[in-house]
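One structure below.
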Amino acid sequence: MITRNVVCMKWGKKYSPEYVNILARMVRRNITPPYRFICLTDDPAGIEEEVEVRPIPPFTEPAPEYYRQCQAWRKLLLFEDPLYDLTGKILFFDLDVVIVGNIDCFFDYADKLAIVENWSQPNRLIGQASAFCFEVGKYRELLSEYLAHPDETARQYRTEQVYITRRLGRGNFEFFPAEWCRSFKFHCMPGGILNSFLTPKQAGKEARVIVFHGNPNPPEAIAGAWGAPVPWYKKFYKTVRPTPWLAEYWR
């Protein structure tokens, strides 16, 4: 029985199927078999055969004003029990992470749910749900309680990652070691006006995953494109130099 599952989710039009395919390849290069790679999606077109594709289960979104603030509440579906035929542990990745090292350690790190600590809000019991790992079926209350009161939950917590960590509470989950999951913006880009002149640096020898949040995304960073319109007075720091070393991993 395979008990290590890497899972991603793709819905809507924000990400092309190539993001799923590249993530599957990065996982394959950086994990010790046996394992399963599963994508929950509303559109399987273009996803390669090596990926196990499953439909995203039905889900109640919060009211539009809360959904506009956070469109990632569907990640809570990972806590459904049963979740298809999955057993053992799920290691979830957002589609725009870049894997730069072996990821076996994520499965073995803790018996509790383990998640990235949010770099912009340290010491506030807030996770960053681009990567988290947990035992299948162990946290079903996170989904059931949300579904019972979706608008109230979204109003109180604002995002699914705040909900996960603050609802579980201190002592009931773990943060991954900070060196394993690095932010491209915070740990690779030089910051401020230096973004216009210096190439982002690599994430460090202990890094396993580089997380992208907001702009740019991985292919944009490789090309040196910010990926969104920027007012003239922000162009000196909302920019990124071409980052060719990322292409060694994002493929």
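Please note that chains go A, B, ... in the order of the structure tokens, that every chain numbers its residues from 1, and that ligands are numbered from 1 in the order shown.
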
So that I can see what lies close to region 115-126 of chain A, please list as a PyMOL selection string the residues with an atom at most 7 Å from it, counting only C-alpha atoms and leaving out residues fewer than 6 positions away in the same chain.
chain A and resi 132-133+161-162+165-166+174-176+181

Would you return as a PyMOL selection string the members of region 122-233 of chain A that DSSP assigns to strand (DSSP E or B) on this structure's backbone?
chain A and resi 127-135+173-175+181-183+209-211

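Take the candidates A:Leu91, A:Leu168, A:Val136, A:Cys105 and check each one against Glu206 (chain A) using only C-alpha atoms; the shortest distance goes to A:Cys105.
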
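CA of Ala72 (chain A) sits 17.4 Å away from CA of Ile90 (chain A).
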
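Closest approach to Pro57 (chain A) among A:Pro33, A:Pro216, A:Gly169, A:Pro82 is made by A:Pro82 (distances from only C-alpha atoms).
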
For CA of Phe37 (chain A) and CA of Ala223 (chain A), determine how far apart the two atoms are, in Å to one decimal place.
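Between CA of Phe37 (chain A) and CA of Ala223 (chain A) the gap is 28.1 Å.
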
I'd like the neighbourhood of Thr243 (chain A) as a list in words, where a residue qualifies if any of its atoms comes within 10 Å (using only C-alpha atoms), though same-chain residues fewer than 6 positions away should be ignored.
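What passes the distance filter is Met189, Leu198, Thr199, Pro200, Lys201, Gln202, Pro218, Pro219, Glu220, Ala221, Ile222, Ala223, Gly224 and Ala225 of chain A.
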
Spatial neighbours of Ile22 (chain A), max dist 9 Å, only C-alpha atoms, sep filter under 5 positions, as a ChimeraX atom specification:
/A:17,27,95,250-251

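Note that the spacing between CA of Ile103 (chain A) and CA of Gly204 (chain A) amounts to 15.0 Å.
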
Between A:Ile210, A:Leu83, A:Leu78, A:Val97, which residue has the minimum interatomic distance to Ala24 (chain A), considering only C-alpha atoms?
A:Val97

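Inside region 143-240 of chain A, the residues DSSP reads as alpha helix (DSSP H) when given the backbone are Leu143, Ser144, Glu145, Tyr146, Leu147, Ala148, Pro150, Asp151, Glu152, Thr153, Ala154, Arg155, Gln156, Tyr157, Glu160, Gln161, Val162, Tyr163, Ile164, Thr165, Arg166, Arg167, Leu168, Pro218, Pro219, Glu220, Ala221, Ile222 and Ala223 of chain A.
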
Could you check which of A:Arg158, A:Lys138, A:Lys234, A:Arg36 is closest to Met1 (chain A), using only C-alpha atoms?
A:Arg36

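Look at Phe92 (chain A): the protein and nucleic acid residues within 9 Å of it, using only C-alpha atoms and passing over chain neighbours fewer than 4 places away, are Asn5, Val6, Val7, Cys8, Met9, Leu78, Ala129, Ser130, Ala131, Phe132, Cys133 and Phe134 of chain A.
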
Spatial neighbours of Lys14 (chain A), max dist 12 Å, only C-alpha atoms, sep filter under 3 positions, as a list in words
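These residues fall inside the cut-off: Met9, Lys10, Trp11, Pro17, Glu18, Tyr19, Gln71, Leu95, Asp96 and Asn217 of chain A.
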
Would you mind exporting the chosen residues as a compact mmCIF listing (two decimals), in the first residue's frame, restricted to N, CA, C and O atoms?
# COMPACT_ATOMS: atom_id res chain seq x y z
N MET A 9 -3.94 20.95 -6.66
CA MET A 9 -5.29 21.28 -7.09
C MET A 9 -5.21 22.31 -8.22
O MET A 9 -4.42 23.24 -8.17
N LYS A 10 -6.07 22.11 -9.23
CA LYS A 10 -6.14 23.06 -10.34
C LYS A 10 -7.61 23.31 -10.66
O LYS A 10 -8.34 22.38 -11.00
N TRP A 11 -8.03 24.55 -10.53
CA TRP A 11 -9.39 24.90 -10.93
C TRP A 11 -9.36 26.28 -11.58
O TRP A 11 -8.45 27.08 -11.37
N PRO A 17 -2.45 23.55 -17.73
CA PRO A 17 -2.08 22.17 -17.33
C PRO A 17 -0.58 21.96 -17.26
O PRO A 17 -0.11 21.05 -16.57
N GLU A 18 0.19 22.80 -17.93
CA GLU A 18 1.64 22.63 -17.89
C GLU A 18 2.19 22.83 -16.48
O GLU A 18 3.20 22.24 -16.10
N TYR A 19 1.53 23.64 -15.67
CA TYR A 19 1.95 23.79 -14.28
C TYR A 19 1.85 22.45 -13.54
O TYR A 19 2.71 22.11 -12.73
N GLN A 71 -9.38 33.03 -2.76
CA GLN A 71 -10.00 32.05 -3.64
C GLN A 71 -9.46 30.64 -3.39
O GLN A 71 -9.65 29.76 -4.22
N LEU A 95 0.53 24.96 -7.23
CA LEU A 95 1.05 24.69 -8.57
C LEU A 95 2.26 25.54 -8.93
O LEU A 95 3.02 25.18 -9.83
N ASP A 96 2.45 26.67 -8.25
CA ASP A 96 3.55 27.56 -8.63
C ASP A 96 4.76 27.47 -7.71
O ASP A 96 5.59 28.38 -7.69
N ASN A 217 5.40 34.88 -11.18
CA ASN A 217 5.34 33.43 -11.05
C ASN A 217 6.63 32.84 -11.63
O ASN A 217 7.47 33.58 -12.16
